[in-house]
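Here's structure07.csv, which has CSV, C-alpha atoms:
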```csv
chain,number,residue,atom,x,y,z
A,1,MET,CA,-64.6,35.0,-8.2
A,2,ASN,CA,-67.6,35.1,-10.5
A,3,PHE,CA,-65.3,36.1,-13.3
A,4,VAL,CA,-63.2,32.9,-12.7
A,5,HIS,CA,-66.2,30.7,-12.6
A,6,ARG,CA,-67.5,32.1,-15.8
A,7,PHE,CA,-64.0,31.7,-17.4
A,8,LEU,CA,-63.7,28.1,-16.4
A,9,SER,CA,-67.3,27.3,-17.4
A,10,ALA,CA,-66.7,28.9,-20.8
A,11,TRP,CA,-63.4,27.1,-21.5
A,12,PHE,CA,-63.8,23.8,-19.8
A,13,GLY,CA,-67.5,23.3,-19.2
A,14,PHE,CA,-67.0,22.7,-15.5
A,15,ASN,CA,-70.1,22.9,-13.2
A,16,LYS,CA,-70.0,24.9,-10.0
A,17,GLN,CA,-68.9,22.0,-7.8
A,18,GLN,CA,-66.0,21.1,-10.1
A,19,ARG,CA,-64.9,24.7,-10.3
A,20,ASN,CA,-64.8,24.9,-6.5
A,21,GLY,CA,-62.8,21.7,-6.2
A,22,LEU,CA,-60.3,23.0,-8.7
A,23,LEU,CA,-59.9,26.3,-6.9
A,24,VAL,CA,-59.2,24.4,-3.6
A,25,LEU,CA,-56.6,22.2,-5.3
A,26,CYS,CA,-54.8,25.3,-6.7
A,27,ALA,CA,-54.9,27.0,-3.3
A,28,LEU,CA,-53.3,23.9,-1.7
A,29,VAL,CA,-50.5,23.7,-4.4
A,30,PHE,CA,-49.7,27.4,-3.9
A,31,LEU,CA,-49.6,26.9,-0.1
A,32,LEU,CA,-47.2,24.0,-0.4
A,33,PHE,CA,-45.0,26.0,-2.7
A,34,VAL,CA,-44.8,28.9,-0.2
A,35,VAL,CA,-44.0,26.5,2.7
A,36,ARG,CA,-41.2,24.8,0.7
A,37,LEU,CA,-39.7,28.2,-0.3
A,38,SER,CA,-39.7,29.3,3.4
A,39,ILE,CA,-38.0,26.1,4.6
A,40,SER,CA,-35.3,26.4,1.9
A,41,SER,CA,-34.4,29.9,3.0
A,42,PHE,CA,-33.4,28.6,6.5
A,43,ILE,CA,-31.4,25.6,5.4
A,44,LYS,CA,-27.9,26.2,4.2
A,45,PRO,CA,-26.4,23.6,2.0
A,46,GLU,CA,-23.3,21.8,3.4
A,47,PRO,CA,-20.1,23.1,1.8
A,48,ILE,CA,-18.2,20.7,-0.4
A,49,LEU,CA,-14.7,20.3,0.8
A,50,LEU,CA,-12.1,19.8,-1.8
A,51,ALA,CA,-8.7,18.4,-1.0
A,52,ASP,CA,-5.9,20.9,-1.3
A,53,PHE,CA,-3.1,19.6,-3.5
A,54,SER,CA,-1.4,23.0,-3.9
A,55,ASN,CA,1.6,21.9,-1.8
A,56,VAL,CA,2.1,18.5,-3.4
A,57,ASN,CA,5.2,18.5,-5.6
A,58,LEU,CA,6.9,15.7,-7.4
A,59,PRO,CA,10.4,14.8,-6.1
A,60,GLU,CA,13.2,16.8,-7.7
A,61,SER,CA,16.8,16.0,-8.2
A,62,ASN,CA,19.0,18.7,-6.7
A,63,SER,CA,22.7,18.2,-5.7
A,64,ASN,CA,22.4,21.0,-3.2
A,65,VAL,CA,19.9,19.2,-1.0
A,66,LEU,CA,20.3,16.0,0.9
A,67,VAL,CA,17.0,14.3,1.9
A,68,THR,CA,17.3,12.9,5.3
A,69,ASP,CA,13.8,12.5,6.7
A,70,SER,CA,10.3,11.9,5.2
A,71,SER,CA,7.1,11.9,7.2
A,72,SER,CA,3.6,11.0,6.5
A,73,ASP,CA,2.5,14.5,7.2
A,74,ASN,CA,1.9,17.1,4.5
A,75,ASN,CA,5.5,18.4,4.8
A,76,THR,CA,8.8,16.7,4.1
A,77,LEU,CA,11.9,17.5,6.1
A,78,PHE,CA,15.4,17.3,4.7
A,79,VAL,CA,18.8,18.8,5.2
A,80,PHE,CA,19.0,21.9,3.1
A,81,ASN,CA,21.3,24.9,2.4
A,82,PRO,CA,19.4,28.2,2.7
A,83,ASN,CA,21.8,29.8,0.3
A,84,THR,CA,20.8,27.4,-2.5
A,85,VAL,CA,17.4,25.9,-1.6
A,86,SER,CA,14.6,26.5,-4.2
A,87,LYS,CA,11.1,27.9,-3.7
A,88,GLU,CA,9.6,24.5,-4.4
A,89,GLN,CA,11.8,22.9,-1.8
A,90,LEU,CA,10.9,25.5,0.8
A,91,VAL,CA,7.2,24.8,0.3
A,92,LYS,CA,7.9,21.1,0.8
A,93,LEU,CA,9.6,22.0,4.1
A,94,GLY,CA,6.5,23.7,5.3
A,95,PHE,CA,6.9,27.3,4.2
A,96,LYS,CA,3.7,29.1,3.0
A,97,GLU,CA,4.1,30.0,-0.7
A,98,LYS,CA,4.1,33.7,0.2
A,99,THR,CA,6.9,33.2,2.8
A,100,ALA,CA,8.8,31.1,0.3
A,101,ASN,CA,8.6,33.9,-2.3
A,102,THR,CA,9.8,36.4,0.4
A,103,PHE,CA,12.7,34.0,1.2
A,104,ILE,CA,13.9,33.8,-2.4
A,105,ASN,CA,13.5,37.6,-3.0
A,106,TYR,CA,15.5,38.3,0.2
A,107,ARG,CA,18.3,36.1,-1.1
A,108,ASN,CA,18.1,37.5,-4.6
A,109,LYS,CA,18.7,41.0,-3.2
A,110,GLY,CA,22.1,39.9,-2.0
A,111,ALA,CA,21.4,38.5,1.4
A,112,HIS,CA,23.6,35.6,2.5
A,113,PHE,CA,22.9,33.1,5.3
A,114,ASN,CA,26.1,32.8,7.4
A,115,LYS,CA,24.5,30.9,10.3
A,116,LYS,CA,21.3,29.1,11.0
A,117,GLU,CA,19.7,31.9,13.0
A,118,ASP,CA,19.9,34.2,9.9
A,119,VAL,CA,16.9,32.3,8.5
A,120,LYS,CA,14.8,34.0,11.2
A,121,LYS,CA,15.6,37.4,9.5
A,122,VAL,CA,13.2,36.5,6.6
A,123,TYR,CA,9.8,38.1,7.1
A,124,GLY,CA,7.2,35.4,7.7
A,125,VAL,CA,9.5,32.8,9.3
A,126,THR,CA,7.8,32.2,12.6
A,127,GLU,CA,9.4,30.7,15.7
A,128,GLU,CA,7.3,27.6,15.2
A,129,LEU,CA,8.5,27.1,11.6
A,130,TYR,CA,12.1,27.8,12.6
A,131,SER,CA,12.0,25.3,15.4
A,132,THR,CA,10.7,22.7,13.0
A,133,ILE,CA,13.4,23.2,10.3
A,134,GLU,CA,16.3,24.2,12.5
A,135,ALA,CA,17.8,20.8,12.8
A,136,TYR,CA,17.8,20.5,9.0
A,137,ILE,CA,19.5,23.8,8.2
A,138,LEU,CA,23.1,23.1,7.1
A,139,ILE,CA,25.4,25.9,5.9
A,140,GLU,CA,28.5,24.1,4.6
A,141,GLY,CA,30.1,26.0,1.7
A,142,GLU,CA,28.6,26.6,-1.8
A,143,LYS,CA,27.4,23.1,-2.4
A,144,ILE,CA,26.1,20.4,0.0
A,145,THR,CA,26.1,17.0,-1.5
A,146,HIS,CA,26.2,13.4,-0.2
A,147,LYS,CA,29.6,13.1,-1.8
A,148,THR,CA,30.8,16.2,0.1
A,149,PHE,CA,30.0,14.7,3.4
A,150,SER,CA,31.0,11.1,2.8
A,151,LYS,CA,34.3,11.8,1.1
A,152,GLN,CA,35.7,14.9,2.8
A,153,GLU,CA,39.4,15.7,2.7
A,154,PRO,CA,41.4,14.7,5.7
A,155,SER,CA,42.0,18.3,6.6
A,156,SER,CA,38.2,18.8,6.8
A,157,LYS,CA,37.7,15.8,9.1
A,158,LYS,CA,40.2,17.3,11.6
A,159,GLN,CA,37.9,20.3,12.1
A,160,ILE,CA,35.2,18.1,13.6
A,161,LYS,CA,36.1,16.2,16.8
A,162,VAL,CA,35.0,12.5,17.0
A,163,VAL,CA,32.6,12.1,19.9
A,164,GLU,CA,31.8,9.2,22.1
A,165,LEU,CA,28.0,8.7,22.1
A,166,ASN,CA,27.7,7.5,25.7
A,167,THR,CA,29.4,10.5,27.3
A,168,VAL,CA,28.8,13.4,24.9
A,169,ASP,CA,26.4,16.1,25.9
A,170,SER,CA,24.1,18.1,23.6
A,171,ILE,CA,26.7,20.8,23.0
A,172,GLY,CA,29.2,18.2,21.9
A,173,LEU,CA,26.8,16.8,19.3
A,174,LEU,CA,26.0,20.1,17.6
A,175,PRO,CA,29.3,20.4,15.6
A,176,LEU,CA,28.5,17.1,13.8
A,177,PRO,CA,27.2,17.7,10.2
A,178,GLY,CA,23.5,17.6,10.0
A,179,ILE,CA,22.9,17.6,13.8
A,180,GLY,CA,21.0,20.5,15.2
A,181,PRO,CA,19.4,21.0,18.7
A,182,ALA,CA,16.4,18.8,17.8
A,183,TYR,CA,18.5,15.8,16.8
A,184,ALA,CA,20.9,16.3,19.7
A,185,LYS,CA,17.9,16.2,22.1
A,186,ARG,CA,16.5,13.1,20.5
A,187,ILE,CA,19.8,11.2,20.6
A,188,LEU,CA,20.3,11.9,24.3
A,189,LYS,CA,16.7,11.0,25.1
A,190,TYR,CA,17.0,7.7,23.2
A,191,ARG,CA,20.4,7.0,24.9
A,192,SER,CA,18.7,7.5,28.3
A,193,LEU,CA,15.9,5.1,27.4
A,194,LEU,CA,18.3,2.4,26.2
A,195,GLY,CA,20.8,2.8,29.0
A,196,GLY,CA,23.5,3.7,26.5
A,197,PHE,CA,24.6,2.8,23.0
A,198,TYR,CA,26.6,-0.4,22.2
A,199,SER,CA,26.8,0.4,18.5
A,200,THR,CA,26.8,3.5,16.4
A,201,GLU,CA,24.3,1.8,14.1
A,202,GLN,CA,21.7,2.4,16.9
A,203,LEU,CA,21.6,6.1,15.8
A,204,LYS,CA,19.4,5.0,12.9
A,205,GLU,CA,16.7,4.0,15.5
A,206,VAL,CA,16.5,7.6,16.7
A,207,TYR,CA,13.3,9.3,15.5
A,208,GLY,CA,13.9,10.9,12.1
A,209,PHE,CA,17.5,9.7,11.8
A,210,THR,CA,17.7,8.2,8.3
A,211,ASP,CA,20.4,6.0,6.8
A,212,SER,CA,21.5,9.0,4.6
A,213,LEU,CA,22.1,11.1,7.7
A,214,PHE,CA,23.9,8.2,9.4
A,215,GLN,CA,26.3,7.9,6.5
A,216,ILE,CA,27.2,11.6,7.0
A,217,VAL,CA,27.7,11.3,10.8
A,218,LYS,CA,29.2,7.9,11.3
A,219,ALA,CA,32.8,9.1,10.6
A,220,TYR,CA,32.5,11.4,13.6
A,221,VAL,CA,31.0,9.1,16.3
A,222,LYS,CA,32.2,6.2,18.3
A,223,VAL,CA,30.8,4.0,21.1
A,224,ASP,CA,32.3,2.7,24.4
A,225,ALA,CA,30.0,-0.3,24.9
A,226,SER,CA,31.4,-0.9,28.5
A,227,LEU,CA,29.4,2.2,29.5
A,228,VAL,CA,26.1,0.6,28.8
A,229,THR,CA,23.8,0.3,31.9
A,230,LYS,CA,22.7,-3.3,32.3
A,231,ILE,CA,19.4,-4.6,33.7
A,232,ASP,CA,19.3,-7.5,36.1
A,233,LEU,CA,16.5,-9.7,34.9
A,234,ASN,CA,16.0,-11.4,38.3
A,235,THR,CA,15.7,-8.3,40.4
A,236,GLU,CA,14.5,-5.4,38.2
A,237,ASP,CA,10.8,-4.4,38.7
A,238,PHE,CA,8.2,-4.8,36.0
A,239,LYS,CA,7.8,-1.1,35.2
A,240,LYS,CA,11.5,-0.4,34.6
A,241,LEU,CA,12.0,-3.6,32.6
A,242,ASN,CA,9.0,-2.8,30.4
A,243,ALA,CA,10.3,0.8,29.8
A,244,HIS,CA,13.3,-0.5,27.8
A,245,PRO,CA,12.7,0.2,24.0
A,246,TYR,CA,13.7,-3.4,23.1
A,247,ILE,CA,11.5,-5.1,25.7
A,248,SER,CA,7.8,-5.2,24.9
A,249,TYR,CA,4.9,-5.5,27.5
A,250,GLU,CA,4.4,-9.2,26.4
A,251,ASP,CA,8.1,-9.9,26.8
A,252,THR,CA,8.1,-8.4,30.3
A,253,LYS,CA,5.1,-10.6,31.3
A,254,SER,CA,6.8,-13.7,29.9
A,255,ILE,CA,10.0,-12.9,31.9
A,256,PHE,CA,8.1,-12.4,35.1
A,257,ASN,CA,5.9,-15.5,34.6
A,258,TYR,CA,9.1,-17.6,34.0
A,259,ARG,CA,10.7,-16.2,37.2
A,260,ARG,CA,7.5,-16.9,39.2
A,261,LYS,CA,7.2,-20.5,37.9
A,262,ASN,CA,10.8,-21.6,37.4
A,263,GLY,CA,13.0,-19.3,39.5
A,264,PRO,CA,15.8,-17.1,38.4
A,265,ILE,CA,16.9,-16.7,34.8
A,266,THR,CA,20.6,-17.8,34.8
A,267,LYS,CA,21.4,-18.5,31.2
A,268,LEU,CA,20.4,-17.6,27.6
A,269,GLU,CA,18.3,-20.8,27.2
A,270,HIS,CA,16.0,-19.6,29.9
A,271,LEU,CA,15.6,-16.3,28.2
A,272,ARG,CA,14.8,-18.0,24.9
A,273,VAL,CA,11.7,-19.5,26.6
A,274,CYS,CA,10.4,-16.0,27.1
A,275,ILE,CA,11.6,-14.3,23.9
A,276,TYR,CA,11.6,-16.4,20.7
A,277,ASP,CA,12.9,-13.8,18.2
A,278,GLU,CA,16.6,-14.3,17.8
A,279,GLU,CA,17.2,-10.9,16.2
A,280,GLN,CA,15.4,-9.3,19.1
A,281,LEU,CA,17.5,-11.3,21.5
A,282,LYS,CA,20.7,-10.1,19.9
A,283,LYS,CA,19.6,-6.5,20.4
A,284,ILE,CA,18.5,-7.0,24.0
A,285,ILE,CA,21.4,-9.2,25.4
A,286,PRO,CA,24.0,-6.3,25.7
A,287,TYR,CA,21.6,-4.7,28.2
A,288,LEU,CA,20.9,-7.7,30.4
A,289,SER,CA,22.7,-9.4,33.2
A,290,PHE,CA,21.5,-12.7,34.7
```

Output the structure of this file as structure tokens.
Amino acid sequence: MNFVHRFLSAWFGFNKQQRNGLLVLCALVFLLFVVRLSISSFIKPEPILLADFSNVNLPESNSNVLVTDSSSDNNTLFVFNPNTVSKEQLVKLGFKEKTANTFINYRNKGAHFNKKEDVKKVYGVTEELYSTIEAYILIEGEKITHKTFSKQEPSSKKQIKVVELNTVDSIGLLPLPGIGPAYAKRILKYRSLLGGFYSTEQLKEVYGFTDSLFQIVKAYVKVDASLVTKIDLNTEDFKKLNAHPYISYEDTKSIFNYRRKNGPITKLEHLRVCIYDEEQLKKIIPYLSF
């Protein structure tokens, strides 16, 4: 300590009181440095999360793939031929890049997919992945194009029986091009909610059923509108009326309020008081009786 005092006195001309003050200040600075260093060792910086754009691909033109469904999720589902689909398209469908490479290598070694279930033979294709893409797998010759489906030869059409949408079961739907178990289940569920189909165009209201797929299927479906189950507006309860896809909660309230204040609904003009949208009325009327 005497050495430090002599050193400071020699270089800076500090007196004893000044030297003691400077030493205290240095000690405080050193102590603060040690405390800060100790705190930093216990605090881990938050990781910076970067968006992963590895699976984002620009749309490609490919005559062997017919896009039928796009979602807001990371993946895009579309009808594809496993014998011609590319690696990039497999990634878009939800395949991991490693699994997509395995898929292409498996095919390059001479493997051929003769039926949908053959896709599960590829290492890495899980049951979850297969259930997601099953409805979109379509093995229909060497090339699958929109033209192939929309302009088939008469002999090809005879191979697929035209089905009536209000009576067909899920097994009867499966032979239709582009329709797998998932789509069949959705069609029957929506039919049940509606009370039946009065137009084949209503298929486009089924979840995931795009106009492109409808153009493929429409030649093989028909509708018997007389089989539609009708709802009696004057006797049906609130819950069942509100459950119909074309009747909103507000519409149901308006109908019940009208019935309570004015009595039974007996003509279209009465219904127009409850539902103003003419387009909506056109959709609903085939399901109503009053």

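Comparing the minimum interatomic distances between A:Ala243 and each of A:Gln280, A:Ser226, A:Thr210, A:Ser192, counting all atoms listed in the file, we find that A:Ser192 sits nearest.
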
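Comparing the minimum interatomic distances between A:Leu93 and each of A:Asn105, A:Thr76, A:Thr252, A:Asn81, counting only C-alpha atoms, we find that A:Thr76 sits nearest.
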
Computed interatomic separation between atom CA of A:Tyr220 and atom CA of A:Leu77 (Å):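 Computed distance, atom CA of A:Tyr220 to atom CA of A:Leu77, equals 22.8 Å.
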
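Going from atom CA of A:His244 to atom CA of A:Ser212 covers 26.4 Å.
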
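When atom CA of A:Ile255 is paired with atom CA of A:Gly196, their separation reads 22.1 Å.
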
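Comparing the minimum interatomic distances between A:Leu203 and each of A:Gln215, A:Arg107, A:Pro286, A:Glu127, counting all atoms listed in the file, we find that A:Gln215 sits nearest.
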
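Closest approach to A:Lys185 from the set A:Lys98, A:Ser199, A:Tyr207, A:Ile137 is made by A:Tyr207, with distances taken over all atoms listed in the file.
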
So that I can see what lies close to A:Gly110, please list as a VMD selection string the residues with an atom at most 12 Å from it, counting all atoms listed in the file and leaving out residues fewer than 6 positions away in the same chain. chain A and resid 83 103 to 104

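For the choices A:Tyr106, A:Phe290, A:Phe209, A:Phe197, the atom-to-atom distance to A:Glu236 is smallest for A:Phe290 when using only C-alpha atoms.
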
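Each of A:Leu23, A:Ile160, A:Ala100, A:Leu138 was compared to A:Val125 using only C-alpha atoms, and A:Ala100 turns out to be the nearest.
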